[in-house]
>>> print(open('run.csv').read())   # CSV, C-alpha atoms
chain,number,residue,atom,x,y,z
A,1,MET,CA,-37.4,-37.3,-53.1
A,2,ASN,CA,-35.7,-35.9,-56.1
A,3,ARG,CA,-33.4,-37.5,-58.6
A,4,VAL,CA,-30.1,-36.6,-56.9
A,5,GLN,CA,-31.2,-37.9,-53.4
A,6,LYS,CA,-32.4,-41.1,-55.0
A,7,SER,CA,-29.2,-41.6,-56.9
A,8,GLU,CA,-27.1,-41.0,-53.7
A,9,LYS,CA,-29.3,-43.5,-51.7
A,10,GLU,CA,-28.9,-46.1,-54.4
A,11,ASN,CA,-25.1,-45.6,-54.5
A,12,ASP,CA,-24.9,-46.0,-50.7
A,13,GLN,CA,-26.9,-49.2,-50.8
A,14,ALA,CA,-24.7,-50.6,-53.6
A,15,GLY,CA,-21.6,-49.8,-51.6
A,16,GLU,CA,-23.0,-51.4,-48.5
A,17,LEU,CA,-23.9,-54.5,-50.4
A,18,ARG,CA,-20.4,-54.8,-51.9
A,19,SER,CA,-18.9,-54.5,-48.4
A,20,ARG,CA,-21.2,-57.2,-47.2
A,21,VAL,CA,-20.1,-59.5,-50.0
A,22,ASP,CA,-16.5,-58.9,-49.4
A,23,ARG,CA,-16.8,-59.6,-45.6
A,24,HIS,CA,-18.8,-62.7,-46.3
A,25,LYS,CA,-16.2,-64.0,-48.7
A,26,ALA,CA,-13.4,-63.3,-46.2
A,27,LYS,CA,-15.3,-65.3,-43.6
A,28,SER,CA,-16.9,-68.1,-45.5
A,29,LEU,CA,-14.3,-69.1,-48.1
A,30,PRO,CA,-11.9,-71.7,-46.5
A,31,LYS,CA,-8.2,-71.8,-47.1
A,32,ARG,CA,-6.8,-74.0,-49.8
A,33,SER,CA,-4.9,-76.1,-47.3
A,34,LYS,CA,-8.0,-76.9,-45.3
A,35,ILE,CA,-10.1,-78.3,-48.1
A,36,ASN,CA,-9.5,-82.1,-47.8
A,37,PRO,CA,-5.8,-82.0,-47.1
A,38,ASN,CA,-5.5,-85.8,-47.4
A,39,LYS,CA,-6.9,-85.6,-51.0
A,40,ASN,CA,-4.5,-82.8,-51.9
A,41,LYS,CA,-1.6,-84.8,-50.5
A,42,LYS,CA,-2.7,-87.8,-52.5
A,43,LYS,CA,-2.9,-85.7,-55.6
A,44,LYS,CA,0.5,-84.2,-54.9
A,45,SER,CA,1.9,-87.6,-54.5
A,46,LYS,CA,0.3,-89.2,-57.5
A,47,VAL,CA,-0.2,-86.3,-60.0
A,48,LYS,CA,2.1,-83.3,-60.6
A,49,PHE,CA,0.7,-80.4,-62.6
A,50,ARG,CA,3.2,-79.0,-64.9
A,51,PHE,CA,1.0,-76.0,-65.8
A,52,PRO,CA,0.2,-73.7,-62.8
A,53,ILE,CA,-2.4,-71.6,-64.8
A,54,ILE,CA,-4.5,-74.7,-65.5
A,55,LYS,CA,-4.3,-75.6,-61.8
A,56,ALA,CA,-5.5,-72.1,-60.8
A,57,LEU,CA,-8.4,-72.2,-63.2
A,58,ALA,CA,-9.5,-75.6,-62.0
A,59,LEU,CA,-9.4,-74.4,-58.4
A,60,PHE,CA,-11.3,-71.3,-59.4
A,61,PHE,CA,-14.1,-73.2,-61.1
A,62,ILE,CA,-14.3,-75.6,-58.1
A,63,LEU,CA,-14.6,-72.8,-55.6
A,64,LEU,CA,-17.0,-70.6,-57.6
A,65,PRO,CA,-20.2,-72.6,-56.9
A,66,ILE,CA,-19.2,-73.0,-53.3
A,67,GLY,CA,-18.8,-69.3,-53.0
A,68,PHE,CA,-22.2,-68.6,-54.5
A,69,TYR,CA,-23.9,-71.1,-52.3
A,70,SER,CA,-22.2,-69.7,-49.2
A,71,LEU,CA,-23.2,-66.1,-50.2
A,72,TYR,CA,-26.8,-67.2,-50.8
A,73,SER,CA,-26.9,-69.0,-47.4
A,74,TYR,CA,-25.5,-66.0,-45.6
A,75,LEU,CA,-27.9,-63.6,-47.1
A,76,GLN,CA,-30.8,-66.0,-46.2
A,77,LYS,CA,-29.7,-66.2,-42.6
A,78,LEU,CA,-29.3,-62.5,-42.0
A,79,PRO,CA,-31.3,-61.3,-38.9
A,80,ASP,CA,-34.5,-59.4,-39.3
A,81,HIS,CA,-33.3,-56.3,-37.5
A,82,ASP,CA,-30.5,-55.9,-40.0
A,83,GLN,CA,-33.0,-56.0,-42.8
A,84,LYS,CA,-35.3,-53.5,-41.0
A,85,ASN,CA,-32.5,-51.1,-40.2
A,86,ASN,CA,-31.1,-51.3,-43.7
A,87,PRO,CA,-34.1,-51.7,-46.0
A,88,ILE,CA,-33.4,-52.3,-49.6
A,89,VAL,CA,-35.6,-50.2,-51.9
A,90,ILE,CA,-36.7,-52.2,-54.9
A,91,ASP,CA,-37.1,-50.2,-58.0
A,92,ASN,CA,-38.4,-51.8,-61.1
A,93,SER,CA,-36.9,-49.2,-63.4
A,94,GLU,CA,-34.0,-50.2,-65.6
A,95,ASP,CA,-31.6,-47.8,-63.9
A,96,ALA,CA,-32.2,-49.4,-60.5
A,97,LYS,CA,-31.8,-52.9,-61.8
A,98,GLU,CA,-28.5,-52.0,-63.4
A,99,ALA,CA,-27.3,-50.0,-60.4
A,100,ILE,CA,-28.1,-52.5,-57.5
A,101,PRO,CA,-27.5,-56.2,-58.3
A,102,THR,CA,-28.9,-58.8,-55.9
A,103,THR,CA,-26.1,-61.3,-56.3
A,104,ALA,CA,-22.7,-60.1,-57.6
A,105,THR,CA,-19.1,-61.0,-57.7
A,106,ALA,CA,-16.1,-58.7,-57.5
A,107,SER,CA,-15.8,-58.6,-61.3
A,108,ASP,CA,-19.6,-57.9,-61.6
A,109,LEU,CA,-19.3,-55.1,-59.1
A,110,LYS,CA,-16.4,-53.7,-60.9
A,111,GLY,CA,-18.3,-53.9,-64.2
A,112,ASN,CA,-21.3,-52.3,-62.5
A,113,ASP,CA,-19.1,-49.5,-61.2
A,114,GLU,CA,-17.8,-48.9,-64.7
A,115,LYS,CA,-21.4,-49.0,-66.0
A,116,ASP,CA,-22.5,-46.6,-63.3
A,117,SER,CA,-19.6,-44.3,-64.1
A,118,SER,CA,-20.3,-44.4,-67.8
A,119,LYS,CA,-24.0,-44.0,-67.2
A,120,ALA,CA,-23.3,-41.1,-64.9
A,121,ASP,CA,-21.0,-39.6,-67.5
A,122,ALA,CA,-23.7,-40.1,-70.2
A,123,LYS,CA,-26.3,-38.7,-67.9
A,124,LYS,CA,-24.1,-35.7,-67.1
A,125,GLU,CA,-23.4,-35.2,-70.8
A,126,LYS,CA,-27.2,-35.5,-71.5
A,127,GLU,CA,-27.9,-33.0,-68.8
A,128,ASP,CA,-25.2,-30.7,-70.1
A,129,ALA,CA,-26.6,-31.0,-73.6
A,130,LYS,CA,-30.1,-30.4,-72.3
A,131,ALA,CA,-28.9,-27.3,-70.3
A,132,LYS,CA,-27.0,-26.1,-73.3
A,133,ALA,CA,-30.1,-26.6,-75.5
A,134,GLU,CA,-32.3,-24.8,-72.9
A,135,SER,CA,-29.7,-22.0,-72.7
A,136,GLU,CA,-29.7,-21.7,-76.5
A,137,GLU,CA,-33.5,-21.8,-76.6
A,138,GLU,CA,-33.6,-19.1,-73.9
A,139,LYS,CA,-31.1,-17.0,-75.9
A,140,ARG,CA,-33.2,-17.6,-79.1
A,141,LYS,CA,-36.4,-16.6,-77.3
A,142,ALA,CA,-34.7,-13.5,-75.8
A,143,LYS,CA,-33.4,-12.6,-79.2
A,144,GLU,CA,-36.8,-13.1,-80.8
A,145,GLN,CA,-38.4,-11.0,-78.0
A,146,GLU,CA,-35.8,-8.3,-78.5
A,147,GLN,CA,-36.4,-8.3,-82.3
A,148,ALA,CA,-40.2,-8.2,-81.7
A,149,LYS,CA,-39.8,-5.4,-79.2
A,150,LYS,CA,-37.6,-3.5,-81.7
A,151,LYS,CA,-40.1,-4.1,-84.5
A,152,ALA,CA,-42.9,-2.9,-82.2
A,153,GLU,CA,-40.9,0.2,-81.3
A,154,GLU,CA,-40.2,0.9,-85.0
A,155,LYS,CA,-43.9,0.4,-85.8
A,156,ALA,CA,-45.0,2.7,-83.0
A,157,GLN,CA,-42.4,5.3,-84.1
A,158,THR,CA,-43.6,5.0,-87.7
A,159,GLU,CA,-47.3,5.3,-86.6
A,160,GLN,CA,-46.4,8.3,-84.4
A,161,GLU,CA,-44.6,10.0,-87.3
A,162,ALA,CA,-47.5,9.3,-89.5
A,163,LYS,CA,-49.9,10.8,-86.9
A,164,GLU,CA,-47.7,13.8,-86.5
A,165,LYS,CA,-47.5,14.2,-90.3
A,166,ALA,CA,-51.3,13.9,-90.7
A,167,LYS,CA,-51.7,16.3,-87.8
A,168,ALA,CA,-49.4,18.8,-89.5
A,169,GLU,CA,-51.2,18.4,-92.8
A,170,GLN,CA,-54.5,18.9,-91.0
A,171,GLU,CA,-53.2,22.0,-89.3
A,172,ALA,CA,-51.9,23.4,-92.6
A,173,LYS,CA,-55.2,22.7,-94.3
A,174,GLU,CA,-57.1,24.3,-91.4
A,175,LYS,CA,-54.7,27.3,-91.5
A,176,ALA,CA,-55.1,27.6,-95.3
A,177,ARG,CA,-58.9,27.4,-94.9
A,178,GLN,CA,-58.9,30.1,-92.2
A,179,VAL,CA,-56.7,32.3,-94.4
A,180,ALA,CA,-59.0,31.7,-97.4
A,181,GLU,CA,-62.1,32.5,-95.2
A,182,GLU,CA,-60.5,35.6,-93.9
A,183,LYS,CA,-59.5,36.7,-97.4
A,184,ALA,CA,-63.0,36.0,-98.7
A,185,LYS,CA,-64.5,37.8,-95.7
A,186,ALA,CA,-62.2,40.8,-96.3
A,187,GLU,CA,-63.1,40.8,-100.0
A,188,GLN,CA,-66.8,40.6,-99.1
A,189,GLU,CA,-66.4,43.4,-96.6
A,190,ALA,CA,-64.6,45.5,-99.2
A,191,LYS,CA,-67.3,44.7,-101.8
A,192,GLU,CA,-70.0,45.7,-99.2
A,193,LYS,CA,-68.1,48.8,-98.3
A,194,ALA,CA,-67.7,49.7,-102.0
A,195,ARG,CA,-71.4,49.0,-102.5
A,196,ALA,CA,-72.4,51.1,-99.5
A,197,GLN,CA,-70.1,53.9,-100.7
A,198,GLN,CA,-71.6,53.7,-104.2
A,199,LEU,CA,-75.1,53.8,-102.8
A,200,ALA,CA,-74.1,56.7,-100.5
A,201,ASP,CA,-72.7,58.5,-103.5
A,202,GLU,CA,-75.7,57.8,-105.6
A,203,ARG,CA,-78.0,59.0,-102.8
A,204,ALA,CA,-76.0,62.1,-102.3
A,205,LYS,CA,-76.0,62.8,-106.0
A,206,LYS,CA,-79.7,62.2,-106.2
A,207,GLU,CA,-80.4,64.4,-103.2
A,208,ALA,CA,-78.2,67.1,-104.8
A,209,GLU,CA,-80.1,66.8,-108.1
A,210,GLU,CA,-83.4,66.9,-106.2
A,211,LYS,CA,-82.3,70.0,-104.2
A,212,GLN,CA,-81.1,71.7,-107.3
A,213,LYS,CA,-84.4,70.9,-109.1
A,214,ALA,CA,-86.4,72.1,-106.1
A,215,THR,CA,-84.5,75.4,-106.1
A,216,GLN,CA,-85.0,75.8,-109.8
A,217,ASP,CA,-88.7,75.1,-109.3
A,218,VAL,CA,-89.0,77.6,-106.5
A,219,GLN,CA,-87.2,80.2,-108.5
A,220,ALA,CA,-89.4,79.5,-111.5
A,221,ALA,CA,-92.6,79.6,-109.4
A,222,LYS,CA,-91.5,82.7,-107.4
A,223,PRO,CA,-93.8,85.6,-108.5
A,224,ASP,CA,-92.6,89.0,-109.3
A,225,LYS,CA,-93.1,91.2,-106.2
A,226,ASP,CA,-93.7,94.2,-108.3
A,227,GLU,CA,-96.9,92.6,-109.6
A,228,TYR,CA,-98.4,92.1,-106.0
A,229,LYS,CA,-99.2,94.2,-103.1
A,230,VAL,CA,-98.9,92.5,-99.6
A,231,VAL,CA,-101.7,92.6,-97.1
A,232,LEU,CA,-101.0,91.4,-93.5
A,233,HIS,CA,-103.6,89.1,-92.1
A,234,THR,CA,-103.8,87.9,-88.5
A,235,VAL,CA,-105.2,84.4,-88.1
A,236,GLN,CA,-108.3,84.2,-86.2
A,237,PRO,CA,-109.6,81.3,-84.1
A,238,GLN,CA,-110.7,78.3,-86.1
A,239,GLU,CA,-109.5,80.0,-89.3
A,240,THR,CA,-107.8,77.9,-92.1
A,241,LEU,CA,-105.9,78.6,-95.2
A,242,PHE,CA,-108.9,77.5,-97.3
A,243,ARG,CA,-111.1,80.2,-95.6
A,244,ILE,CA,-108.5,82.8,-96.0
A,245,SER,CA,-108.0,81.9,-99.7
A,246,MET,CA,-111.8,82.1,-100.2
A,247,ASN,CA,-111.9,85.5,-98.5
A,248,TYR,CA,-109.1,87.1,-100.6
A,249,TYR,CA,-109.2,85.1,-103.8
A,250,LYS,CA,-112.7,83.7,-104.0
A,251,SER,CA,-111.1,80.3,-104.8
A,252,GLN,CA,-108.7,77.7,-103.3
A,253,GLU,CA,-106.0,78.5,-105.8
A,254,GLY,CA,-104.6,81.2,-103.4
A,255,ILE,CA,-103.5,78.5,-100.9
A,256,ALA,CA,-100.4,77.7,-102.8
A,257,LEU,CA,-99.6,81.4,-103.2
A,258,ILE,CA,-100.1,82.1,-99.5
A,259,ARG,CA,-97.8,79.1,-98.6
A,260,GLN,CA,-95.2,80.2,-101.1
A,261,TRP,CA,-95.0,83.8,-99.7
A,262,ASN,CA,-95.0,82.7,-96.1
A,263,GLY,CA,-92.7,79.7,-96.5
A,264,LEU,CA,-95.2,77.1,-95.2
A,265,ASN,CA,-94.7,73.4,-95.8
A,266,GLY,CA,-98.2,72.4,-95.0
A,267,ASN,CA,-101.7,73.8,-94.4
A,268,GLU,CA,-101.3,74.2,-90.7
A,269,ILE,CA,-101.5,77.7,-89.2
A,270,SER,CA,-102.0,78.9,-85.6
A,271,LYS,CA,-104.1,81.5,-83.9
A,272,GLY,CA,-102.6,85.0,-83.9
A,273,GLN,CA,-100.1,84.1,-86.7
A,274,VAL,CA,-99.5,87.0,-89.2
A,275,LEU,CA,-99.6,85.9,-92.8
A,276,LYS,CA,-98.6,87.8,-95.9
A,277,ILE,CA,-101.4,87.8,-98.4
A,278,PRO,CA,-100.2,88.8,-101.9
A,279,ILE,CA,-102.8,90.5,-104.1
A,280,LYS,CA,-102.3,91.5,-107.7
A,281,LYS,CA,-102.3,95.2,-108.4
>>> encode(input="run.csv", output="structure tokens")
Amino acid sequence: MNRVQKSEKENDQAGELRSRVDRHKAKSLPKRSKINPNKNKKKKSKVKFRFPIIKALALFFILLPIGFYSLYSYLQKLPDHDQKNNPIVIDNSEDAKEAIPTTATASDLKGNDEKDSSKADAKKEKEDAKAKAESEEEKRKAKEQEQAKKKAEEKAQTEQEAKEKAKAEQEAKEKARQVAEEKAKAEQEAKEKARAQQLADERAKKEAEEKQKATQDVQAAKPDKDEYKVVLHTVQPQETLFRISMNYYKSQEGIALIRQWNGLNGNEISKGQVLKIPIKK
């Protein structure tokens, strides 16, 4: 049972109790004329009240204990089925004690109604204040969450920009490194090419010098044809330049001369080959 249902049930029980008290008063309190009429007549005949307010107050104080006693007796004599059908929930809390009195007069019930109304107003104000505080707390939390989200987005954006900047710098460094490597490679290739060209030029120059020197040596070593007569010799099987030189010159010095006149690069000759044999005149 929640608070609203409990409050409604307590209000219903208080209203029912008030109605019972009113009915009991209407039934149990006797009329003024019926309470010892002989005594009243004697008083009227003997004593005359000049102040009606004092008379009313005296009568009220006389009837008040009688009314309480009658109400108490009536409540004690109520049948059991009425109590079972309309059970009274006893709540030891302060709110319940103030809301449902066990014995009350009309003035007490009116005061209780005013207290209940003021308490309900105070409770409503307290709930409104609590709801307002909760609303403000929710707004504050929502604002803090929004600010935290905004800061997180700004931080993420800053980190992303930093990453992009670092990436751009890395790419620029990598590109510069590649350009430097390509430049160094091109310079190395140019140096190697220049070195190869220099070596080729030096080799060509050296070969040209050697060729020129060999030509000069051949020309210097070429004998005068007028000093020699030429004899044609056909190479026999198993015959060598050494044997031919020994036959014609009696020494091996003729090998170089035979090679020079026949344009031979080595000592190899073949069977049937015709050689020019220069012999001094």
>>> atom_distance(input="run.csv", atom1="atom CA of Ser245 of chain A", atom2="atom CA of Val274 of chain A")
14.4 Å
>>> atom_distance(input="run.csv", atom1="atom CA of Pro278 of chain A", atom2="atom CA of Ala256 of chain A")
11.1 Å
>>> atom_distance(input="run.csv", atom1="atom CA of Ser73 of chain A", atom2="atom CA of Arg18 of chain A")
16.3 Å
>>> residues_around(input="run.csv", residues="Pro237 of chain A", least_positions_apart="4", cutoff="10 Å", atoms="all atoms listed in the file", output="list in words")
Ser270, Lys271 and Gly272 of chain A
>>> build_atoms(input="run.csv", residues="segment 125-141 of chain A", atoms="N, CA, C and O atoms", output="PDB file, in the frame of the given file")
ATOM      1  N   GLU A 125     -23.527 -35.777 -69.486  1.00  0.00           N
ATOM      2  CA  GLU A 125     -23.400 -35.200 -70.800  1.00  0.00           C
ATOM      3  C   GLU A 125     -24.833 -34.852 -71.360  1.00  0.00           C
ATOM      4  O   GLU A 125     -25.047 -33.815 -71.987  1.00  0.00           O
ATOM      5  N   LYS A 126     -25.802 -35.762 -71.052  1.00  0.00           N
ATOM      6  CA  LYS A 126     -27.200 -35.500 -71.500  1.00  0.00           C
ATOM      7  C   LYS A 126     -27.741 -34.256 -70.814  1.00  0.00           C
ATOM      8  O   LYS A 126     -28.380 -33.408 -71.454  1.00  0.00           O
ATOM      9  N   GLU A 127     -27.477 -34.154 -69.480  1.00  0.00           N
ATOM     10  CA  GLU A 127     -27.900 -33.000 -68.800  1.00  0.00           C
ATOM     11  C   GLU A 127     -27.258 -31.694 -69.259  1.00  0.00           C
ATOM     12  O   GLU A 127     -27.894 -30.636 -69.388  1.00  0.00           O
ATOM     13  N   ASP A 128     -25.923 -31.834 -69.525  1.00  0.00           N
ATOM     14  CA  ASP A 128     -25.200 -30.700 -70.100  1.00  0.00           C
ATOM     15  C   ASP A 128     -25.761 -30.265 -71.425  1.00  0.00           C
ATOM     16  O   ASP A 128     -25.945 -29.070 -71.711  1.00  0.00           O
ATOM     17  N   ALA A 129     -26.020 -31.299 -72.253  1.00  0.00           N
ATOM     18  CA  ALA A 129     -26.600 -31.000 -73.600  1.00  0.00           C
ATOM     19  C   ALA A 129     -27.971 -30.371 -73.439  1.00  0.00           C
ATOM     20  O   ALA A 129     -28.321 -29.411 -74.148  1.00  0.00           O
ATOM     21  N   LYS A 130     -28.760 -30.908 -72.469  1.00  0.00           N
ATOM     22  CA  LYS A 130     -30.100 -30.400 -72.300  1.00  0.00           C
ATOM     23  C   LYS A 130     -30.008 -28.919 -71.751  1.00  0.00           C
ATOM     24  O   LYS A 130     -30.750 -28.034 -72.193  1.00  0.00           O
ATOM     25  N   ALA A 131     -29.066 -28.696 -70.772  1.00  0.00           N
ATOM     26  CA  ALA A 131     -28.900 -27.300 -70.300  1.00  0.00           C
ATOM     27  C   ALA A 131     -28.422 -26.386 -71.357  1.00  0.00           C
ATOM     28  O   ALA A 131     -28.877 -25.235 -71.459  1.00  0.00           O
ATOM     29  N   LYS A 132     -27.495 -26.903 -72.211  1.00  0.00           N
ATOM     30  CA  LYS A 132     -27.000 -26.100 -73.300  1.00  0.00           C
ATOM     31  C   LYS A 132     -28.148 -25.766 -74.286  1.00  0.00           C
ATOM     32  O   LYS A 132     -28.287 -24.625 -74.752  1.00  0.00           O
ATOM     33  N   ALA A 133     -28.974 -26.801 -74.586  1.00  0.00           N
ATOM     34  CA  ALA A 133     -30.100 -26.600 -75.500  1.00  0.00           C
ATOM     35  C   ALA A 133     -31.101 -25.583 -74.887  1.00  0.00           C
ATOM     36  O   ALA A 133     -31.618 -24.696 -75.570  1.00  0.00           O
ATOM     37  N   GLU A 134     -31.357 -25.740 -73.563  1.00  0.00           N
ATOM     38  CA  GLU A 134     -32.300 -24.800 -72.900  1.00  0.00           C
ATOM     39  C   GLU A 134     -31.688 -23.381 -72.929  1.00  0.00           C
ATOM     40  O   GLU A 134     -32.416 -22.405 -73.134  1.00  0.00           O
ATOM     41  N   SER A 135     -30.348 -23.296 -72.693  1.00  0.00           N
ATOM     42  CA  SER A 135     -29.700 -22.000 -72.700  1.00  0.00           C
ATOM     43  C   SER A 135     -29.811 -21.359 -74.130  1.00  0.00           C
ATOM     44  O   SER A 135     -30.133 -20.157 -74.275  1.00  0.00           O
ATOM     45  N   GLU A 136     -29.547 -22.204 -75.151  1.00  0.00           N
ATOM     46  CA  GLU A 136     -29.700 -21.700 -76.500  1.00  0.00           C
ATOM     47  C   GLU A 136     -31.109 -21.315 -76.842  1.00  0.00           C
ATOM     48  O   GLU A 136     -31.364 -20.315 -77.526  1.00  0.00           O
ATOM     49  N   GLU A 137     -32.071 -22.144 -76.332  1.00  0.00           N
ATOM     50  CA  GLU A 137     -33.500 -21.800 -76.600  1.00  0.00           C
ATOM     51  C   GLU A 137     -33.860 -20.505 -75.888  1.00  0.00           C
ATOM     52  O   GLU A 137     -34.573 -19.677 -76.461  1.00  0.00           O
ATOM     53  N   GLU A 138     -33.359 -20.323 -74.641  1.00  0.00           N
ATOM     54  CA  GLU A 138     -33.600 -19.100 -73.900  1.00  0.00           C
ATOM     55  C   GLU A 138     -32.995 -17.880 -74.676  1.00  0.00           C
ATOM     56  O   GLU A 138     -33.613 -16.816 -74.799  1.00  0.00           O
ATOM     57  N   LYS A 139     -31.760 -18.081 -75.160  1.00  0.00           N
ATOM     58  CA  LYS A 139     -31.100 -17.000 -75.900  1.00  0.00           C
ATOM     59  C   LYS A 139     -31.905 -16.690 -77.182  1.00  0.00           C
ATOM     60  O   LYS A 139     -32.084 -15.525 -77.539  1.00  0.00           O
ATOM     61  N   ARG A 140     -32.374 -17.796 -77.849  1.00  0.00           N
ATOM     62  CA  ARG A 140     -33.200 -17.600 -79.100  1.00  0.00           C
ATOM     63  C   ARG A 140     -34.449 -16.837 -78.787  1.00  0.00           C
ATOM     64  O   ARG A 140     -34.829 -15.899 -79.490  1.00  0.00           O
ATOM     65  N   LYS A 141     -35.123 -17.267 -77.687  1.00  0.00           N
ATOM     66  CA  LYS A 141     -36.400 -16.600 -77.300  1.00  0.00           C
ATOM     67  C   LYS A 141     -36.108 -15.143 -76.944  1.00  0.00           C
ATOM     68  O   LYS A 141     -36.876 -14.244 -77.303  1.00  0.00           O
TER      69      LYS A 141
END
